[in-house]
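Source file input-v7.cif; content: mmCIF, C-alpha atoms.
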data_query
#
loop_
_atom_site.label_atom_id
_atom_site.label_comp_id
_atom_site.auth_asym_id
_atom_site.auth_seq_id
_atom_site.Cartn_x
_atom_site.Cartn_y
_atom_site.Cartn_z
CA MET Y 976 -1.98 18.69 -7.05
CA LYS Y 977 -0.17 17.10 -4.17
CA LEU Y 978 -2.07 17.76 -0.97
CA PRO Y 979 -0.07 19.03 2.01
CA ILE Y 980 -1.17 16.20 4.23
CA HIS Y 981 0.88 13.92 6.37
CA LEU Y 982 0.34 10.55 7.99
CA ASP Y 983 1.68 10.20 11.50
CA THR Y 984 2.55 6.53 11.89
CA GLU Y 985 3.17 6.99 15.63
CA SER Y 986 -0.32 8.34 16.25
CA SER Y 987 -3.08 6.12 17.57
CA GLN Y 988 -5.55 7.87 15.27
CA ALA Y 989 -6.39 5.54 12.36
CA TYR Y 990 -4.80 6.46 9.00
CA TYR Y 991 -8.12 6.97 7.23
CA ASP Y 992 -9.23 9.28 10.04
CA GLN Y 993 -6.01 11.31 9.80
CA ILE Y 994 -6.55 11.79 6.05
CA LYS Y 995 -10.20 12.63 6.57
CA THR Y 996 -9.54 15.19 9.33
CA GLN Y 997 -6.83 16.97 7.35
CA ILE Y 998 -8.81 17.23 4.12
CA GLN Y 999 -11.88 18.31 6.12
CA LYS Y 1000 -9.86 21.10 7.70
CA PHE Y 1001 -8.60 22.34 4.30
CA ILE Y 1002 -12.12 22.36 2.91
CA LEU Y 1003 -13.79 24.04 5.87
CA ASN Y 1004 -11.16 26.75 6.24
CA GLN Y 1005 -11.52 27.27 2.48
CA TYR Y 1006 -7.90 26.49 1.66
CA LEU Y 1007 -9.42 24.09 -0.88
CA PRO Y 1008 -12.31 26.03 -2.43
CA ALA Y 1009 -15.40 24.40 -3.95
CA GLY Y 1010 -14.66 22.78 -7.30
CA THR Y 1011 -11.00 21.99 -6.51
CA ALA Y 1012 -9.98 18.64 -7.97
CA LEU Y 1013 -8.66 16.17 -5.42
CA PRO Y 1014 -6.04 13.55 -6.30
CA SER Y 1015 -7.37 10.16 -7.36
CA ILE Y 1016 -7.50 7.50 -4.67
CA ARG Y 1017 -4.53 5.66 -6.18
CA THR Y 1018 -2.43 8.83 -6.48
CA LEU Y 1019 -3.08 9.94 -2.91
CA ALA Y 1020 -2.32 6.41 -1.71
CA LYS Y 1021 1.02 6.61 -3.52
CA ASP Y 1022 1.82 10.08 -2.15
CA LEU Y 1023 1.13 8.91 1.40
CA SER Y 1024 2.52 5.38 0.93
CA CYS Y 1025 -0.71 4.00 2.25
CA SER Y 1026 -3.19 1.60 0.70
CA VAL Y 1027 -6.11 2.52 -1.57
CA ILE Y 1028 -8.35 0.84 0.99
CA THR Y 1029 -7.47 3.56 3.51
CA VAL Y 1030 -7.91 6.47 1.09
CA LYS Y 1031 -11.17 5.03 -0.23
CA ARG Y 1032 -12.52 4.94 3.31
CA ALA Y 1033 -11.53 8.57 3.97
CA TYR Y 1034 -13.08 9.74 0.66
CA GLN Y 1035 -16.27 7.78 1.35
CA ASP Y 1036 -16.66 9.46 4.73
CA LEU Y 1037 -15.98 12.92 3.26
CA GLU Y 1038 -18.50 12.25 0.53
CA ALA Y 1039 -21.10 11.08 3.05
CA ASP Y 1040 -20.51 14.36 4.95
CA GLY Y 1041 -21.21 16.26 1.71
CA LEU Y 1042 -17.73 17.80 1.60
CA ILE Y 1043 -16.54 16.17 -1.61
CA ILE Y 1044 -18.27 14.80 -4.65
CA THR Y 1045 -17.22 12.10 -7.10
CA LYS Y 1046 -18.18 12.64 -10.72
CA GLN Y 1047 -18.21 9.40 -12.67
CA GLY Y 1048 -15.19 9.21 -14.95
CA ARG Y 1049 -14.03 12.75 -14.10
CA GLY Y 1050 -12.67 12.47 -10.60
CA THR Y 1051 -13.28 13.80 -7.12
CA PHE Y 1052 -13.92 17.46 -6.33
CA VAL Y 1053 -14.54 19.69 -3.33
CA ALA Y 1054 -18.31 20.15 -3.04
CA SER Y 1055 -20.02 23.54 -2.91
CA HIS Y 1056 -19.85 25.00 0.56
CA ASN Y 1057 -22.66 24.52 2.90
CA PRO Y 1058 -22.54 27.22 5.62
CA ALA Y 1059 -24.14 24.82 8.10
CA HIS Y 1060 -21.10 22.57 7.69
CA VAL Y 1061 -18.69 25.34 8.52
CA GLU Y 1062 -20.66 26.21 11.67
CA GLN Y 1063 -20.85 22.56 12.67
CA TYR Y 1064 -17.13 22.15 12.10
CA LYS Y 1065 -16.29 25.15 14.26
CA GLU Y 1066 -18.58 23.96 17.02
CA THR Y 1067 -17.12 20.46 17.01
CA LYS Y 1068 -13.64 21.91 17.09
CA LEU Y 1069 -14.48 24.18 20.06
CA ALA Y 1070 -16.18 21.30 21.90
CA GLY Y 1071 -12.98 19.27 21.42
CA MET Y 1072 -10.86 22.07 22.91
CA ILE Y 1073 -13.21 22.40 25.88
CA ASP Y 1074 -13.14 18.64 26.46
CA GLN Y 1075 -9.38 18.71 26.48
CA LEU Y 1076 -9.32 21.61 28.94
CA LEU Y 1077 -11.74 19.77 31.24
CA THR Y 1078 -9.74 16.55 31.18
CA GLU Y 1079 -6.42 18.28 31.83
CA ALA Y 1080 -7.79 20.54 34.57
CA GLN Y 1081 -9.55 17.63 36.30
CA LYS Y 1082 -6.25 15.75 36.29
CA LEU Y 1083 -4.84 18.72 38.25
CA GLY Y 1084 -7.62 18.24 40.82
CA TYR Y 1085 -10.05 21.03 39.89
CA THR Y 1086 -13.78 20.37 40.00
CA LYS Y 1087 -16.00 21.34 37.06
CA ASN Y 1088 -17.40 24.28 39.01
CA GLU Y 1089 -13.96 25.56 39.88
CA ILE Y 1090 -12.92 25.28 36.25
CA LEU Y 1091 -15.99 27.26 35.17
CA THR Y 1092 -15.19 29.98 37.72
CA HIS Y 1093 -11.60 30.20 36.49
CA VAL Y 1094 -12.69 30.38 32.86
CA GLN Y 1095 -15.10 33.22 33.67
CA LYS Y 1096 -12.45 35.04 35.68
CA GLN Y 1097 -9.99 34.73 32.81
CA ILE Y 1098 -12.51 36.02 30.25
CA ILE Y 1099 -13.29 39.03 32.41
CA SER Y 1100 -9.63 39.82 33.01
CA GLN Y 1101 -8.96 39.59 29.24
CA LYS Y 1102 -11.75 42.10 28.61
CA ASP Y 1103 -10.03 44.57 30.93
CA GLU Y 1104 -6.81 44.45 28.96
CA MET A 1 -9.80 -11.87 -11.04
CA ILE A 2 -7.71 -14.86 -9.99
CA LYS A 3 -8.57 -17.29 -7.24
CA ILE A 4 -6.23 -19.95 -5.82
CA GLU A 5 -7.85 -22.67 -3.74
CA SER A 6 -5.93 -25.19 -1.60
CA MET A 7 -3.20 -25.24 -4.21
CA VAL A 8 -0.12 -27.42 -3.60
CA LYS A 9 2.88 -27.65 -5.90
CA ASN A 10 5.75 -30.10 -5.36
CA ILE A 11 9.10 -29.65 -7.01
CA GLY A 12 11.55 -32.33 -5.88
CA SER A 13 11.63 -32.15 -2.10
CA PHE A 14 10.22 -28.61 -2.04
CA GLU A 15 6.52 -28.19 -1.35
CA LEU A 16 4.60 -24.97 -1.87
CA GLY A 17 1.21 -24.74 -0.23
CA PRO A 18 -1.50 -25.15 0.57
CA ILE A 19 -2.10 -21.69 -0.90
CA ASN A 20 -5.45 -19.89 -0.69
CA LEU A 21 -5.50 -16.45 -2.29
CA GLN A 22 -7.85 -14.20 -4.12
CA PHE A 23 -6.68 -11.34 -6.35
CA GLU A 24 -9.16 -8.58 -7.07
CA ALA A 25 -9.22 -5.76 -9.59
CA GLY A 26 -7.96 -2.37 -8.44
CA TYR A 27 -5.39 -3.60 -5.96
CA ILE A 28 -1.62 -3.90 -5.90
CA TYR A 29 -0.40 -7.04 -4.17
CA GLY A 30 3.11 -7.31 -2.78
CA LEU A 31 4.40 -10.88 -2.63
CA VAL A 32 7.20 -11.15 -0.08
CA GLY A 33 9.20 -13.86 1.61
CA PRO A 34 12.82 -14.81 2.28
CA ASN A 35 14.85 -16.51 -0.47
CA ARG A 36 13.58 -19.96 -1.42
CA SER A 37 10.20 -19.31 0.15
CA GLY A 38 8.40 -20.26 -3.06
CA LYS A 39 7.57 -16.85 -4.57
CA THR A 40 8.66 -17.73 -8.08
CA THR A 41 6.96 -21.15 -7.91
CA LEU A 42 3.73 -19.44 -6.90
CA ILE A 43 4.04 -16.97 -9.77
CA GLN A 44 4.74 -19.73 -12.27
CA THR A 45 1.55 -21.54 -11.31
CA LEU A 46 -0.34 -18.31 -12.00
CA THR A 47 1.26 -18.01 -15.43
CA GLN A 48 0.61 -21.71 -16.18
CA HIS A 49 4.33 -22.44 -16.50
CA LEU A 50 3.76 -24.95 -13.68
CA LYS A 51 0.72 -27.13 -13.05
CA PRO A 52 -0.45 -27.52 -9.44
CA ASN A 53 -0.34 -31.02 -7.92
CA GLN A 54 -3.42 -30.33 -5.85
CA GLY A 55 -6.14 -27.70 -5.57
CA ARG A 56 -7.14 -25.33 -8.32
CA ILE A 57 -6.68 -21.92 -9.84
CA THR A 58 -9.45 -19.96 -11.53
CA TRP A 59 -8.57 -17.11 -13.91
CA PHE A 60 -11.33 -14.62 -14.73
CA GLY A 61 -13.83 -17.34 -13.79
CA LYS A 62 -12.16 -19.91 -16.07
CA GLN A 63 -10.12 -23.06 -15.43
CA ALA A 64 -6.84 -23.77 -17.21
CA ALA A 65 -8.15 -26.63 -19.35
CA HIS A 66 -9.43 -25.31 -22.73
CA ASN A 67 -8.51 -21.73 -21.80
CA GLU A 68 -4.75 -21.86 -21.86
CA GLN A 69 -4.35 -19.28 -24.59
CA PHE A 70 -6.97 -16.91 -23.19
CA ILE A 71 -5.20 -16.93 -19.83
CA LYS A 72 -1.77 -16.36 -21.39
CA GLN A 73 -3.13 -13.37 -23.25
CA ASN A 74 -4.52 -11.81 -20.10
CA VAL A 75 -1.83 -12.53 -17.55
CA CYS A 76 1.45 -10.79 -18.28
CA TYR A 77 4.60 -11.90 -16.51
CA MET A 78 7.85 -9.97 -16.28
CA PRO A 79 10.40 -12.48 -14.96
CA ALA A 80 13.21 -11.54 -12.59
CA GLU A 81 15.79 -12.62 -15.17
CA PHE A 82 15.33 -13.20 -18.84
CA ASP A 83 17.62 -14.30 -21.64
CA GLY A 84 16.38 -14.27 -25.20
CA PRO A 85 17.99 -15.64 -28.37
CA ALA A 86 21.59 -14.35 -28.53
CA ASN A 87 21.30 -12.39 -31.77
CA TRP A 88 17.91 -10.76 -31.12
CA LYS A 89 17.62 -7.01 -31.16
CA VAL A 90 15.35 -4.87 -28.98
CA GLY A 91 12.92 -4.52 -31.91
CA ASP A 92 12.71 -8.30 -32.36
CA PHE A 93 11.45 -8.69 -28.81
CA CYS A 94 8.79 -6.07 -29.45
CA GLN A 95 7.68 -7.85 -32.65
CA PHE A 96 7.59 -11.21 -30.91
CA ALA A 97 5.61 -10.05 -27.87
CA ARG A 98 3.24 -8.13 -30.15
CA MET A 99 1.99 -11.40 -31.67
CA TRP A 100 1.03 -12.78 -28.28
CA TYR A 101 -1.19 -10.10 -26.87
CA PRO A 102 -4.45 -9.07 -28.55
CA ASN A 103 -4.49 -5.69 -26.78
CA TRP A 104 -0.89 -4.80 -27.63
CA ASN A 105 -0.24 -1.08 -27.78
CA ASP A 106 2.54 0.17 -30.12
CA ALA A 107 2.25 3.74 -28.83
CA ILE A 108 3.32 2.57 -25.36
CA VAL A 109 6.35 0.81 -26.86
CA LEU A 110 7.48 3.98 -28.63
CA LYS A 111 6.89 6.18 -25.61
CA LEU A 112 8.69 3.91 -23.15
CA LEU A 113 11.64 3.03 -25.43
CA THR A 114 12.25 6.77 -25.82
CA GLN A 115 11.88 7.34 -22.09
CA PHE A 116 14.45 4.63 -21.33
CA GLU A 117 16.72 5.63 -24.23
CA LEU A 118 16.53 2.17 -25.80
CA LYS A 119 16.87 1.76 -29.56
CA LYS A 120 15.18 -0.95 -31.61
CA GLU A 121 18.48 -1.78 -33.38
CA GLU A 122 20.38 -2.50 -30.17
CA LYS A 123 21.42 -6.10 -29.52
CA TYR A 124 19.72 -7.53 -26.43
CA ALA A 125 22.80 -9.53 -25.41
CA LYS A 126 24.84 -6.32 -25.24
CA LEU A 127 22.41 -4.47 -22.96
CA SER A 128 23.26 -3.92 -19.30
CA THR A 129 21.19 -5.72 -16.64
CA GLY A 130 19.25 -2.53 -16.00
CA ALA A 131 18.55 -1.94 -19.72
CA LYS A 132 17.33 -5.54 -20.10
CA LYS A 133 14.95 -4.96 -17.20
CA LYS A 134 13.72 -1.76 -18.79
CA LEU A 135 12.97 -3.59 -22.04
CA GLN A 136 11.04 -6.26 -20.11
CA PHE A 137 9.08 -3.49 -18.45
CA VAL A 138 8.27 -1.93 -21.84
CA LEU A 139 7.00 -5.27 -23.15
CA ALA A 140 4.90 -5.89 -20.04
CA MET A 141 3.28 -2.45 -20.16
CA ALA A 142 2.60 -2.62 -23.91
CA SER A 143 0.85 -5.99 -23.49
CA ASN A 144 -2.04 -4.19 -21.81
CA CYS A 145 -2.99 -7.27 -19.81
CA PRO A 146 -5.42 -6.76 -16.96
CA PHE A 147 -3.33 -8.97 -14.67
CA MET A 148 0.31 -8.00 -14.41
CA ILE A 149 3.00 -9.91 -12.55
CA LEU A 150 6.32 -8.14 -12.05
CA ASP A 151 9.12 -10.17 -10.47
CA GLU A 152 11.81 -7.86 -9.07
CA PRO A 153 11.04 -5.19 -11.69
CA THR A 154 13.52 -2.59 -10.47
CA ASN A 155 16.60 -4.72 -9.82
CA GLY A 156 19.65 -2.97 -11.25
CA ILE A 157 17.62 0.07 -12.32
CA ASP A 158 18.93 3.60 -11.70
CA PHE A 159 16.93 5.83 -9.33
CA LYS A 160 15.56 8.08 -12.06
CA SER A 161 14.14 5.20 -14.09
CA ARG A 162 12.96 3.48 -10.93
CA LYS A 163 10.91 6.48 -9.92
CA PHE A 164 9.54 6.70 -13.45
CA MET A 165 8.54 3.02 -13.38
CA LEU A 166 6.78 3.25 -10.02
CA ASP A 167 4.88 6.39 -11.08
CA TYR A 168 4.01 4.72 -14.37
CA LEU A 169 2.60 1.70 -12.56
CA VAL A 170 0.37 3.94 -10.46
CA GLU A 171 -0.95 5.54 -13.67
CA TRP A 172 -1.33 2.12 -15.28
CA MET A 173 -3.46 0.93 -12.37
CA GLU A 174 -5.93 3.74 -12.99
CA GLN A 175 -6.61 2.87 -16.61
CA GLY A 176 -9.19 0.20 -15.93
CA GLU A 177 -9.93 -2.95 -13.99
CA ARG A 178 -6.39 -4.00 -13.30
CA THR A 179 -4.42 -6.03 -10.83
CA LEU A 180 -0.73 -5.88 -10.14
CA LEU A 181 1.27 -8.54 -8.34
CA ILE A 182 4.78 -7.44 -7.55
CA THR A 183 7.69 -9.11 -5.80
CA SER A 184 10.69 -7.22 -4.58
CA HIS A 185 13.51 -7.60 -2.14
CA HIS A 186 13.34 -3.83 -1.73
CA ILE A 187 10.76 -3.87 1.03
CA ASP A 188 10.52 -0.06 0.89
CA GLU A 189 9.24 -0.41 -2.66
CA ILE A 190 6.53 -2.83 -1.52
CA GLN A 191 5.77 -0.54 1.40
CA ARG A 192 5.25 2.37 -0.96
CA LEU A 193 3.30 0.64 -3.67
CA ALA A 194 1.32 -2.31 -2.35
CA ASP A 195 -2.15 -2.32 -0.84
CA ILE A 196 -2.04 -5.90 0.30
CA ILE A 197 0.96 -7.92 1.44
CA ILE A 198 1.18 -11.66 0.87
CA LEU A 199 3.85 -13.30 3.00
CA ILE A 200 5.18 -16.79 2.33
CA HIS A 201 7.97 -18.65 4.07
CA ASN A 202 9.40 -22.14 3.40
CA GLY A 203 6.57 -22.85 0.99
CA LYS A 204 3.88 -21.97 3.53
CA GLN A 205 1.45 -19.09 3.27
CA ILE A 206 2.04 -17.08 6.46
CA GLY A 207 -0.69 -14.58 5.75
CA GLN A 208 -2.32 -11.94 3.63
CA TYR A 209 -2.44 -8.50 5.25
CA GLU A 210 -3.78 -5.07 4.53
CA LYS A 211 -0.60 -3.02 4.50
CA ASP A 212 -1.82 -0.13 6.65
CA GLN A 213 -3.22 -2.48 9.27
CA LEU A 214 0.10 -4.25 9.50
CA ILE A 215 2.03 -1.00 9.91
CA SER A 216 -0.39 0.55 12.40
CA ASN A 217 -0.79 -2.57 14.54
CA TRP A 218 2.89 -3.41 15.03
CA LYS A 219 4.69 -1.02 17.34
CA GLN A 220 7.59 -0.84 19.72
CA ILE A 221 6.72 0.72 23.07
CA TRP A 222 9.36 1.88 25.55
CA LEU A 223 8.51 1.58 29.24
CA PRO A 224 10.06 2.91 32.47
CA THR A 225 10.37 -0.53 34.10
CA PRO A 226 10.73 -4.13 32.94
CA VAL A 227 7.54 -6.02 32.20
CA GLN A 228 6.46 -8.48 34.91
CA THR A 229 3.12 -9.66 33.59
CA GLU A 230 1.63 -10.74 30.32
CA ILE A 231 0.42 -7.79 28.28
CA PRO A 232 -2.16 -8.24 25.52
CA GLY A 233 -0.66 -8.02 22.04
CA VAL A 234 2.97 -8.19 23.16
CA VAL A 235 5.07 -10.65 21.17
CA ALA A 236 8.59 -9.73 22.30
CA MET A 237 10.17 -7.78 25.11
CA GLN A 238 13.47 -6.24 26.09
CA ASN A 239 13.86 -6.75 29.84
CA GLU A 240 17.10 -4.86 30.25
CA ALA A 241 17.26 -1.07 30.16
CA PRO A 242 16.04 0.58 27.99
CA TYR A 243 12.94 -1.53 28.57
CA SER A 244 10.61 -2.01 25.64
CA VAL A 245 8.04 -4.37 24.17
CA ILE A 246 6.98 -5.18 20.64
CA THR A 247 3.26 -5.50 20.09
CA LYS A 248 1.20 -6.72 17.17
CA GLN A 249 -1.93 -5.07 18.57
CA ALA A 250 -0.78 -1.56 19.48
CA ASN A 251 -4.19 -0.21 20.46
CA GLU A 252 -4.91 -3.11 22.83
CA THR A 253 -1.47 -2.92 24.39
CA LEU A 254 -1.64 0.84 24.89
CA ALA A 255 -5.14 0.63 26.38
CA TYR A 256 -3.94 -2.03 28.82
CA LEU A 257 -0.90 0.04 29.83
CA GLU A 258 -3.07 3.09 30.40
CA LYS A 259 -5.50 1.08 32.52
CA SER A 260 -2.58 -0.31 34.54
CA GLN A 261 -1.22 3.24 34.94
CA VAL A 262 2.12 2.43 33.34
CA ASP A 263 3.79 5.47 31.78
CA VAL A 264 4.74 5.08 28.17
CA ILE A 265 8.07 6.67 27.28
CA LYS A 266 7.83 6.42 23.52
CA VAL A 267 5.88 4.61 20.82
CA ARG A 268 7.43 3.86 17.44
CA SER A 269 5.99 2.17 14.39
CA LEU A 270 8.00 -0.75 13.12
CA ASP A 271 9.32 -0.68 9.57
CA MET A 272 7.70 -3.13 7.22
CA GLU A 273 10.98 -5.03 7.20
CA ASP A 274 10.93 -5.43 11.01
CA VAL A 275 7.29 -6.54 10.94
CA LEU A 276 7.94 -9.14 8.25
CA ALA A 277 10.99 -10.42 10.11
CA GLN A 278 8.86 -10.84 13.26
CA LEU A 279 6.18 -12.66 11.28
CA VAL A 280 8.55 -15.23 9.82
CA GLY A 281 10.27 -15.68 13.19
#
Written form, structure tokens:
Amino acid sequence: MKLPIHLDTESSQAYYDQIKTQIQKFILNQYLPAGTALPSIRTLAKDLSCSVITVKRAYQDLEADGLIITKQGRGTFVASHNPAHVEQYKETKLAGMIDQLLTEAQKLGYTKNEILTHVQKQIISQKDE
Amino acid sequence: MIKIESMVKNIGSFELGPINLQFEAGYIYGLVGPNRSGKTTLIQTLTQHLKPNQGRITWFGKQAAHNEQFIKQNVCYMPAEFDGPANWKVGDFCQFARMWYPNWNDAIVLKLLTQFELKKEEKYAKLSTGAKKKLQFVLAMASNCPFMILDEPTNGIDFKSRKFMLDYLVEWMEQGERTLLITSHHIDEIQRLADIIILIHNGKQIGQYEKDQLISNWKQIWLPTPVQTEIPGVVAMQNEAPYSVITKQANETLAYLEKSQVDVIKVRSLDMEDVLAQLVG
């Protein structure tokens, strides 16, 4: 049950956060359905060549978010899906994309109002297609 | 599990210490340092083969006096090199070690001897270096001690058995409250396995680091122009093209560069080996 996750050592995103974000994505897009067993902390640490301290932190955060559940003596599993989580995840993701667009466009010298106008224009022109 | 406080050990003109370390259950510790840094001396104080000149060591909350046997039964040591009596066979070593450890597990002996293709009738003296190491590994694992010290466990071991051993150690760690202290000159092995790195050099404790912090903090950053000012975190710089700096606080350095509007050409993580070399100067 090796997870297809990868640690980017060049990234400025903390290791635990990289693990957390990737597992979160797999759970919320249902690639890992509810009830799926996750690797133990030690095994995942070995697979990623990182420390158990890092994996423990990622698992703790995911558990606090209600995405995974640890059963004493049996291991860690994907928790039952909560539709509110999926919605929240999508919204956060969209907000991130919008933030990025705003930052990049402002670097090019556009004001927020101009950006909004362009976005509207683009949406309308897409509808026409 | 084990606590070392202000421990100093003198052997001739060599002095190890003062050492302050604490080993906790559930973690793998990688002990590293150049040759003659004092790794083996440190290990031998943990196994009670050597008595500290100053300071103290506490094992499972107990001191060495009156608890010598208890400690020996709970701290297993696989030495880097080991020579037994010339005429002993593989099976004799198993019988001998079996008497020492109260939690000895014969099933592990059988399983691992088969895995490594070792036979009880084989003469130890005739085994290759790698096969001797494998036997030591079998004995260590069968001892079932909660504190395991492996000194260069994979020296001379073929890649297939090496992978098996490393995977086995990961499994072993999960079977209870256990601690593993491992030394290796293969830094990649330490990088893969350890959670915490202990670095010593010339008998001095340079530091104890969380592995991932070490790897994510130390980076090489290439820049378009040579560096004129002091940059936070930077410990070394290359002031001829291609210009670059080495930082031990990557996030601070990158934040400073961004604030100063310096373009960054590329950022690369340092290998553990490079980081350790920087740390020992």
Residue members of the PyMOL selection byres ((chain Y) within 10 of (chain A)) in the file shown, as a list in words: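 When the PyMOL selection byres ((chain Y) within 10 of (chain A)) is applied, the selected residues are Asp983, Thr984, Glu985, Ser986, Ser987, Gln988, Ala989, Tyr990, Tyr991, Ser1015, Ile1016, Arg1017, Thr1018, Ala1020, Lys1021, Asp1022, Leu1023, Ser1024, Cys1025, Ser1026, Val1027, Ile1028 and Thr1029 of chain Y.
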Output C-alpha atoms for every residue in that selection, as a CSV table (one decimal), in the frame of the given file.
chain,number,residue,atom,x,y,z
Y,983,ASP,CA,1.7,10.2,11.5
Y,984,THR,CA,2.6,6.5,11.9
Y,985,GLU,CA,3.2,7.0,15.6
Y,986,SER,CA,-0.3,8.3,16.2
Y,987,SER,CA,-3.1,6.1,17.6
Y,988,GLN,CA,-5.6,7.9,15.3
Y,989,ALA,CA,-6.4,5.5,12.4
Y,990,TYR,CA,-4.8,6.5,9.0
Y,991,TYR,CA,-8.1,7.0,7.2
Y,1015,SER,CA,-7.4,10.2,-7.4
Y,1016,ILE,CA,-7.5,7.5,-4.7
Y,1017,ARG,CA,-4.5,5.7,-6.2
Y,1018,THR,CA,-2.4,8.8,-6.5
Y,1020,ALA,CA,-2.3,6.4,-1.7
Y,1021,LYS,CA,1.0,6.6,-3.5
Y,1022,ASP,CA,1.8,10.1,-2.2
Y,1023,LEU,CA,1.1,8.9,1.4
Y,1024,SER,CA,2.5,5.4,0.9
Y,1025,CYS,CA,-0.7,4.0,2.2
Y,1026,SER,CA,-3.2,1.6,0.7
Y,1027,VAL,CA,-6.1,2.5,-1.6
Y,1028,ILE,CA,-8.4,0.8,1.0
Y,1029,THR,CA,-7.5,3.6,3.5
Output of the PyMOL selection byres ((chain Y and resi 1051) around 6), listed as number ranges by chain: Y: 1012-1013, 1044-1045, 1050, 1052
Just so the selection is clear, what residues does the PyMOL selection byres ((chain A and resi 72) around 10) cover here, as a PyMOL selection string? chain A and resi 46-49+64+67-71+73-77+100-101+145
Padding 8 Å on every side, please: axis-aligned box over the listed atoms of region 189-199 of chain A, centre and edge lengths to one decimal in Å, as AutoDock Vina command-line options.
--center_x 3.5 --center_y -5.5 --center_z -0.3 --size_x 27.4 --size_y 31.7 --size_z 22.7
Using all atoms listed in the file, find all polymer residues with an atom at most 10 Å away from the point (-13.2, 22.1, 5.2); report them as a PyMOL selection string. chain Y and resi 996-1009+1037+1042-1043+1053-1054+1056+1060-1061+1064
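When CA of Gln95 (chain A) is paired with CA of Leu135 (chain A), their separation reads 12.6 Å.
Between CA of Ala86 (chain A) and CA of Leu127 (chain A) there is a distance of 11.4 Å.
Closest approach to Ile187 (chain A) among A:Ala25, A:Leu276, A:Lys119, A:Asn53: A:Leu276, based on all atoms listed in the file.
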Suppose you want the space between CA of Phe116 (chain A) and CA of Pro85 (chain A); what is it in Å?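 Distance between the two atoms: 21.7 Å.
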Check the smallest atom-to-atom distance from each of Y:Gln1035, Y:Thr1092, Y:Thr1011, Y:Gln1081 to Asp992 (chain Y) using all atoms listed in the file, then report the winner.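 Comparing Y:Gln1035, Y:Thr1092, Y:Thr1011, Y:Gln1081 against Asp992 (chain Y), the winner is Y:Gln1035.
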